[in-house]
Amino acid sequence: MTHLPPPAEELRLLDTELRQLDARRALLLARRAWLITALRPPVAPPPPPPPVRRPETTAPRVQNVLLVLGGTLLTIAAIAFTLVSWGRMGIAGRALVLGAVTLAALGSPVLLLRHRLRSTAEAVAGLGFALTVLDVYALHEVALPDTNGLGYAAIASALLAALWTAYGLALGGTRRPAGEAAAPARLTLRLPLPTALAAAQLPLILWAAVTSSAPVMTGALLVTAALDTAVALRVPVRSVCLVAAVGAYGLGGWGSLAAGWLSWTATGPSAVARAAALLLFAAAIALAAAWRLPDTNVATWVASAGGLLAVAALGGVPRSSLPGEWTVPGYLVCAVAVLAAVRTRLPEPMRRGLALAAASVQAVAVVWAMPPVAVALLGPVARVERVWTGAPSTAREAVTTVGVPWPPYAATAPLVLVVVATVLAVAVRGTEWHPRATIGASALVWAAALVLPAALDLPYWAGMSTQGLTIVAALACVARSAEPRPVLFLPALVSSVSLACLSLAAEGTTLGVLAALTVLFAAVSGHSRLAPVAALTYATALACAVGASLGWQSPYIALLVLLVPVVAALLAVRLAGSPARVPVEVTGAVAGLLAVGLAVPDPPLLALVLALCAVIAAGTAVREDRRPAGYAATALFVLAAWVRLACWGVGSVEAYTLPVTVPALLVGAFGRRKDPLTSSWTAYGAGLSVTLVPSLLTAWIDPDWPRPLLLGVAALAVTLVGARHRLRAPLVLGGGVLALDALHELAPYLVQMAGALPRWVPPALAGLVLLALGATYEQRIRDARRVRDVLGRMR
């Protein structure tokens with residue numbers, strides 16, 4: 001009996017069979033395609049095409065080279081004829097030859113243009129222009145030999161410029177009428193008009209050279225530059241615009257520099273007025289060009305140059321009548337006036353250019369005012385070498401004790417800084433640059449306040465008060481700020497350092513200033529991460545100053561300094577999670593090191609200071625996240641014990657260290673049994689160090705043998721215990737002490753053996769070691785290459 005599955009199951013079986021058939025068919029088709037490809041004979045690739053030789057240059061370039069070379073040779077021949085063969089001919093012959101050649105050279109381009117030989121016509125026209133110059137020279141030599149050469153050259157260049165302009169316009173293109181759109185275009189010459197413009201640069205300059213007057217020459221340069229600017233902006237011919245632009249930039253820059261030099265060196269009112277007029281004329285040319293220039297970037301830079309010229313012109317007028325220290329403020333006021341023009345309805349490129357010019361002048365003014373600020377800031381540092389030698393009479397005397405002279409122009413430096421700060425605060429108001437400008441303005445005002453007492457030569461107490469008020473104002477801004485502002489805190493910190501150095505002149509002033517700085521920075525400790533550090537630093541300085549004021553020796557002053565680490569440790573507990581906690585702890589640690597350094601001259605007090613530092617470190621290690629401070633506490637306690645034992649002159653240190661070692665080891669063993677994850681250094685490090693290290697130091701200076709022997713036995717036992725139980729602390733401490741003890745005992749024999757050996761033995765041994773190392777290194781390289789070759793042959 002045949003079993004028929006349900007329809008759904010039968011459909012599933014059919015689909016499965018069909019998928020298997022499709023997969024088998026695809027496999028067979030792929031195999032068939034591979035067999036056809038394998039049986040097909042290989043087709044040879046087509047041979048590469050033969051190389052084609054290409055000409056190294058184009059026909060138009062060859063043509064231009066030939067024409068330029070031919071015109072140059074003809075010009076040279078004409079010059080040689082004029083200079084050499086001129087005297088062999090009469091007047092009529094000379095005139096006939098030059099006139100005929102010149103007319104032929106200037107008339108030939110007309111025929112050449114009709115035959116559409118433009119390049120040849122350009123070359124012949126250039127020859128004609130050179131002949132006209134020779135005609136002018138010949139005319140001067142024959143008919144007008146006694147005239148002034150510069151004046152004649154000025155007139156001749158003007159006439160040649162007019163002649164070449166007319167010639168170029170005569171051979172120029174004509175406008176095509178509206179109804180003659182199909183008429184062929186007429187060829188024109190490109191050379192005459194640029195050449196005429198180049199010749200037009202000379203007349204005014206040569207005429208001014210005749211007068212031998214610097215203002216006249218400067219005016220001629222600027223007038224020529226103005227004409228070039230007008231041509232460059234209004235004439236659409238590209239070649240003419242290029243020549244005009246070169247003349248405008250070159251002659252305009254030359255004339256502007258000359259006018260600036262005249263303004264700087266002018267002494268009388270008339271000379272100052274002439275120089276100012278020339279600078280204003282140059283500024284007008286630049287601003288007019290910036291108004292019409294289509295390129296916005298170029299227009300911005302040209303307008304910037306015009307603004308600088310205007311500032312130089314306006315600032316040079318009062319400079320001649322004011323004292324020298326008011327020179328920079330005068331130019332700065334003119335720059336502010338130029339900046340006011342930015343608010344008018346000028347094109348955007350001109351506004352940017354004028355703003356750039358004003359900003360450049362302000363930057364130069366700030367740089368000019370920086371030397372007095374540097375002297376006022378760094379001068380008080382010299383007071384560190386002369387503590388409590390007496391207060392100076394004035395603030396200027398207080399900052400110039402380093403031997404650096406006070407700048408003579410510093411009286412107006414605060415005014416310059418305040419003016420620039422005001423401009424920064426007002427000019428960019430309401431823009432995206434306002435926050436940065438506010439920071440810059442604040443820095444400039446701070447610099448002005450820093451240099452003001454010395455600039456005005458105020459009394460010493462007035463200078464101190466001014467700096468103190470500056471610090472209070474800066475810290476008040478920091479306290480009122482909603483978020484941390486390091487930019488506001490930094491001036492306060494720098495001013496506080498300068499004020500602290502200034503206060504070193506008198507004892508009472510030092511104590512009062514350091515106490516005030518400590519309180520001020522402590523008051524804003526919640527608003528800046530550096531404020532607690534500054535407060536602790538000034539507290540440390542105050543402790544040293546108080547101890548010195550009481551006449552204490554440095555070891556006793558160290559006890560006062562230890563109050564700072566205590567405060568730092570307590571403050572770090574309150575600053576948990578704050579970024580200021582680590583800087584506070586580092587400051588406390590540095591103060592502790594200072595206390596240790598101060599106590600070094602008195603060993604008993606040094607032991608006390610070390611013990612107190614250990615107590616502070618142990619108190620810090622109570623916190624969960626500062627457990628590593630326990631290592632420092634242990635080391636400090638051990639070091640304090642060693643110093644105390646040395647002070648007592650104890651010979652048998654084991655009598656004092658073993659009673660500490662045994663309980664410490666028992667406590668460590670109990671702790672490891674309670675918590676198996678406790679490190680052996682934590683459990684046994686302190687206990688073993690208390691005995692092993694002092695005994696090792698004593699054994700090194702002990703001439704007898706029992707102590708080193710007993711110490712070696714004990715160290716060996718500790719090492720074996722550490723190796724048996726795999727404990728790092730006993731293994732390292734015991735092994736290190738054992739090695740050092742053995743070295744101490746064998747040192748005399750090693751010295752004797754070294755003295756008995758010849759001197760060549762140590763170098764020979766070193767050479768053998770190096771050879772052995774080199775051979776081993778080479779063997780390893782060879783083995784690595786062999787393995788690489790074996791792996792490379794594997795498939």
# chains A, B, ... in the order shown; residues from 1 in each chain; ligands from 1
$ residues_around --residues "Leu731 of chain A" --least-positions-apart "6" --cutoff "7 Å" --atoms "only C-alpha atoms" --output "list in words"
Val718, Thr719, Gly722 and Ala723 of chain A
$ residues_around --residues "segment 575-578 of chain A" --least-positions-apart "6" --cutoff "12 Å" --atoms "only C-alpha atoms" --output "ChimeraX atom specification"
/A:525-530,532,568-569,584-585,623-626
$ write_last_selection --atoms "N, CA, C and O atoms" --output "short mmCIF file (atom, residue, chain, number, x, y, z; two decimals), in the first residue's frame"
data_model
loop_
_atom_site.label_atom_id
_atom_site.label_comp_id
_atom_site.auth_asym_id
_atom_site.auth_seq_id
_atom_site.Cartn_x
_atom_site.Cartn_y
_atom_site.Cartn_z
N SER A 525 38.89 79.76 47.03
CA SER A 525 39.36 78.40 46.74
C SER A 525 38.27 77.54 46.12
O SER A 525 38.58 76.55 45.45
N GLY A 526 37.02 77.89 46.32
CA GLY A 526 35.94 77.10 45.72
C GLY A 526 35.63 77.47 44.29
O GLY A 526 34.79 76.81 43.66
N HIS A 527 36.28 78.47 43.74
CA HIS A 527 35.98 78.93 42.38
C HIS A 527 37.12 78.66 41.40
O HIS A 527 36.97 78.93 40.21
N SER A 528 38.25 78.16 41.88
CA SER A 528 39.37 77.87 40.99
C SER A 528 40.20 76.76 41.61
O SER A 528 40.41 76.74 42.82
N ARG A 529 40.67 75.84 40.76
CA ARG A 529 41.45 74.73 41.27
C ARG A 529 42.84 75.16 41.72
O ARG A 529 43.50 74.45 42.49
N LEU A 530 43.32 76.30 41.23
CA LEU A 530 44.65 76.78 41.61
C LEU A 530 44.63 77.68 42.83
O LEU A 530 45.68 77.96 43.41
N PRO A 532 43.42 77.12 45.98
CA PRO A 532 43.95 76.50 47.20
C PRO A 532 45.46 76.30 47.16
O PRO A 532 46.14 76.43 48.19
N ALA A 568 46.67 70.96 54.35
CA ALA A 568 46.45 70.38 53.04
C ALA A 568 45.78 69.01 53.14
O ALA A 568 44.88 68.69 52.35
N ALA A 569 46.20 68.19 54.11
CA ALA A 569 45.58 66.88 54.29
C ALA A 569 44.12 67.01 54.69
O ALA A 569 43.25 66.27 54.20
N VAL A 584 46.32 70.19 45.65
CA VAL A 584 46.44 70.53 47.07
C VAL A 584 47.34 69.52 47.77
O VAL A 584 48.22 69.89 48.58
N GLU A 585 47.17 68.25 47.49
CA GLU A 585 48.01 67.23 48.13
C GLU A 585 49.47 67.37 47.69
O GLU A 585 50.39 67.20 48.50
N ARG A 623 42.12 57.12 54.34
CA ARG A 623 41.10 57.16 53.29
C ARG A 623 41.26 55.99 52.35
O ARG A 623 42.38 55.55 52.05
N GLU A 624 40.15 55.52 51.83
CA GLU A 624 40.17 54.31 50.99
C GLU A 624 40.96 54.52 49.71
O GLU A 624 41.66 53.63 49.24
N ASP A 625 40.84 55.71 49.12
CA ASP A 625 41.49 55.96 47.84
C ASP A 625 42.93 56.45 47.99
O ASP A 625 43.58 56.76 46.99
N ARG A 626 43.43 56.56 49.21
CA ARG A 626 44.81 57.01 49.44
C ARG A 626 45.59 56.00 50.28
O ARG A 626 46.49 56.37 51.02
#
$ atom_distance --atom1 "atom CA of Val210 of chain A" --atom2 "atom CA of Gly151 of chain A"
6.5 Å
$ atom_distance --atom1 "atom CA of Gln362 of chain A" --atom2 "atom CA of Ser256 of chain A"
20.7 Å
$ atom_distance --atom1 "atom CA of Val375 of chain A" --atom2 "atom CA of Pro407 of chain A"
8.8 Å
$ residues_around --residues "segment 631-637 of chain A" --least-positions-apart "6" --cutoff "6 Å" --atoms "only C-alpha atoms" --output "list in words"
Leu610, Ala611, Ala614, Ala617 and Ala618 of chain A
$ closest_residue --among "A:Leu150, A:Leu134, A:Leu257, A:Ala589" --to "Leu278 of chain A" --atoms "only C-alpha atoms"
A:Leu257
$ select_by_dssp --residues "segment 515-688 of chain A" --states "helix (DSSP H, G or I)" --output "VMD selection string"
chain A and resid 515 to 523 531 to 549 554 to 561 563 to 574 581 to 599 603 to 621 624 to 626 629 to 648 654 to 674 680 to 688
$ closest_residue --among "A:Val494, A:Leu28, A:Val426, A:Ala413" --to "Thr327 of chain A" --atoms "only C-alpha atoms"
A:Ala413
$ residues_around --residues "Thr229 of chain A" --least-positions-apart "3" --cutoff "6 Å" --atoms "only C-alpha atoms" --output "PyMOL selection string"
chain A and resi 226+232+248
$ residues_around --residues "segment 654-671 of chain A" --least-positions-apart "6" --cutoff "9 Å" --atoms "only C-alpha atoms" --output "ChimeraX atom specification"
/A:641,645,678,680,682-692,694-695
$ write_last_selection --atoms "N, CA and C atoms" --output "PDB file, in the first residue's frame"
ATOM      1  N   ALA A 641      63.175  56.794  62.856  1.00  0.00           N
ATOM      2  CA  ALA A 641      63.811  55.931  63.861  1.00  0.00           C
ATOM      3  C   ALA A 641      65.317  55.842  63.639  1.00  0.00           C
ATOM      4  N   LEU A 645      68.124  56.981  66.313  1.00  0.00           N
ATOM      5  CA  LEU A 645      69.162  56.067  66.785  1.00  0.00           C
ATOM      6  C   LEU A 645      70.551  56.642  66.535  1.00  0.00           C
ATOM      7  N   THR A 678      46.059  40.300  50.585  1.00  0.00           N
ATOM      8  CA  THR A 678      46.941  41.372  51.028  1.00  0.00           C
ATOM      9  C   THR A 678      48.351  41.139  50.510  1.00  0.00           C
ATOM     10  N   SER A 680      52.404  41.073  50.204  1.00  0.00           N
ATOM     11  CA  SER A 680      53.447  40.787  51.187  1.00  0.00           C
ATOM     12  C   SER A 680      54.194  42.059  51.587  1.00  0.00           C
ATOM     13  N   THR A 682      52.751  44.944  52.016  1.00  0.00           N
ATOM     14  CA  THR A 682      51.912  45.571  53.039  1.00  0.00           C
ATOM     15  C   THR A 682      52.015  44.836  54.369  1.00  0.00           C
ATOM     16  N   ALA A 683      52.100  43.531  54.310  1.00  0.00           N
ATOM     17  CA  ALA A 683      52.091  42.738  55.537  1.00  0.00           C
ATOM     18  C   ALA A 683      53.462  42.699  56.212  1.00  0.00           C
ATOM     19  N   TYR A 684      54.544  42.475  55.428  1.00  0.00           N
ATOM     20  CA  TYR A 684      55.846  42.213  56.021  1.00  0.00           C
ATOM     21  C   TYR A 684      56.913  43.244  55.659  1.00  0.00           C
ATOM     22  N   GLY A 685      56.630  44.112  54.713  1.00  0.00           N
ATOM     23  CA  GLY A 685      57.666  45.037  54.262  1.00  0.00           C
ATOM     24  C   GLY A 685      58.170  45.952  55.351  1.00  0.00           C
ATOM     25  N   ALA A 686      57.249  46.579  56.088  1.00  0.00           N
ATOM     26  CA  ALA A 686      57.664  47.525  57.134  1.00  0.00           C
ATOM     27  C   ALA A 686      58.419  46.813  58.248  1.00  0.00           C
ATOM     28  N   GLY A 687      57.904  45.654  58.697  1.00  0.00           N
ATOM     29  CA  GLY A 687      58.546  44.951  59.803  1.00  0.00           C
ATOM     30  C   GLY A 687      59.947  44.487  59.460  1.00  0.00           C
ATOM     31  N   LEU A 688      60.147  43.930  58.285  1.00  0.00           N
ATOM     32  CA  LEU A 688      61.474  43.472  57.895  1.00  0.00           C
ATOM     33  C   LEU A 688      62.434  44.643  57.690  1.00  0.00           C
ATOM     34  N   SER A 689      61.940  45.753  57.132  1.00  0.00           N
ATOM     35  CA  SER A 689      62.817  46.901  56.865  1.00  0.00           C
ATOM     36  C   SER A 689      63.317  47.537  58.154  1.00  0.00           C
ATOM     37  N   VAL A 690      62.488  47.507  59.183  1.00  0.00           N
ATOM     38  CA  VAL A 690      62.867  48.167  60.432  1.00  0.00           C
ATOM     39  C   VAL A 690      64.143  47.564  60.998  1.00  0.00           C
ATOM     40  N   THR A 691      64.363  46.262  60.834  1.00  0.00           N
ATOM     41  CA  THR A 691      65.551  45.613  61.390  1.00  0.00           C
ATOM     42  C   THR A 691      66.657  45.425  60.361  1.00  0.00           C
ATOM     43  N   LEU A 692      66.305  44.951  59.159  1.00  0.00           N
ATOM     44  CA  LEU A 692      67.332  44.599  58.181  1.00  0.00           C
ATOM     45  C   LEU A 692      68.120  45.813  57.700  1.00  0.00           C
ATOM     46  N   PRO A 694      68.600  49.048  59.069  1.00  0.00           N
ATOM     47  CA  PRO A 694      69.556  49.618  60.041  1.00  0.00           C
ATOM     48  C   PRO A 694      70.718  48.673  60.347  1.00  0.00           C
ATOM     49  N   SER A 695      70.454  47.363  60.449  1.00  0.00           N
ATOM     50  CA  SER A 695      71.540  46.413  60.714  1.00  0.00           C
ATOM     51  C   SER A 695      72.533  46.398  59.556  1.00  0.00           C
TER      52      SER A 695
END
$ closest_atom_pairs --of "segment 475-509 of chain A" --to "segment 385-404 of chain A" --cutoff "8 Å" --atoms "only C-alpha atoms" --output "tab-separated table"
residue	atom	partner	partner_atom	distance
A:Leu502	CA	A:Ala398	CA	7.0
A:Leu504	CA	A:Val387	CA	5.2
A:Ala505	CA	A:Trp388	CA	4.6
A:Ala506	CA	A:Trp388	CA	4.5
A:Glu507	CA	A:Trp388	CA	5.5
$ residues_around --residues "Val361 of chain A" --least-positions-apart "6" --cutoff "9 Å" --atoms "only C-alpha atoms" --output "list in words"
Leu308, Val311, Tyr331, Leu332 and Ala335 of chain A
$ write_last_selection --atoms "N, CA, C and O atoms" --output "PDB file, in the first residue's frame"
ATOM      1  N   LEU A 308      46.740 102.822   6.758  1.00  0.00           N
ATOM      2  CA  LEU A 308      48.032 103.056   7.406  1.00  0.00           C
ATOM      3  C   LEU A 308      48.651 104.377   6.957  1.00  0.00           C
ATOM      4  O   LEU A 308      49.244 105.104   7.770  1.00  0.00           O
ATOM      5  N   VAL A 311      46.893 107.162   8.760  1.00  0.00           N
ATOM      6  CA  VAL A 311      47.354 107.265  10.151  1.00  0.00           C
ATOM      7  C   VAL A 311      48.722 107.935  10.213  1.00  0.00           C
ATOM      8  O   VAL A 311      48.991 108.794  11.068  1.00  0.00           O
ATOM      9  N   TYR A 331      49.774 108.621  17.234  1.00  0.00           N
ATOM     10  CA  TYR A 331      49.411 107.715  16.144  1.00  0.00           C
ATOM     11  C   TYR A 331      48.249 106.803  16.537  1.00  0.00           C
ATOM     12  O   TYR A 331      47.409 106.452  15.699  1.00  0.00           O
ATOM     13  N   LEU A 332      48.203 106.408  17.807  1.00  0.00           N
ATOM     14  CA  LEU A 332      47.113 105.539  18.256  1.00  0.00           C
ATOM     15  C   LEU A 332      45.772 106.259  18.167  1.00  0.00           C
ATOM     16  O   LEU A 332      44.763 105.668  17.745  1.00  0.00           O
ATOM     17  N   ALA A 335      44.691 106.202  14.660  1.00  0.00           N
ATOM     18  CA  ALA A 335      44.180 104.884  14.290  1.00  0.00           C
ATOM     19  C   ALA A 335      42.754 104.682  14.781  1.00  0.00           C
ATOM     20  O   ALA A 335      41.918 104.092  14.086  1.00  0.00           O
TER      21      ALA A 335
END
$ residues_around --residues "segment 198-204 of chain A" --least-positions-apart "3" --cutoff "6 Å" --atoms "only C-alpha atoms" --output "list of chain:residue names"
A:Ala154, A:Ser157, A:Ala158, A:Ala161, A:Thr195, A:Trp207, A:Ala220
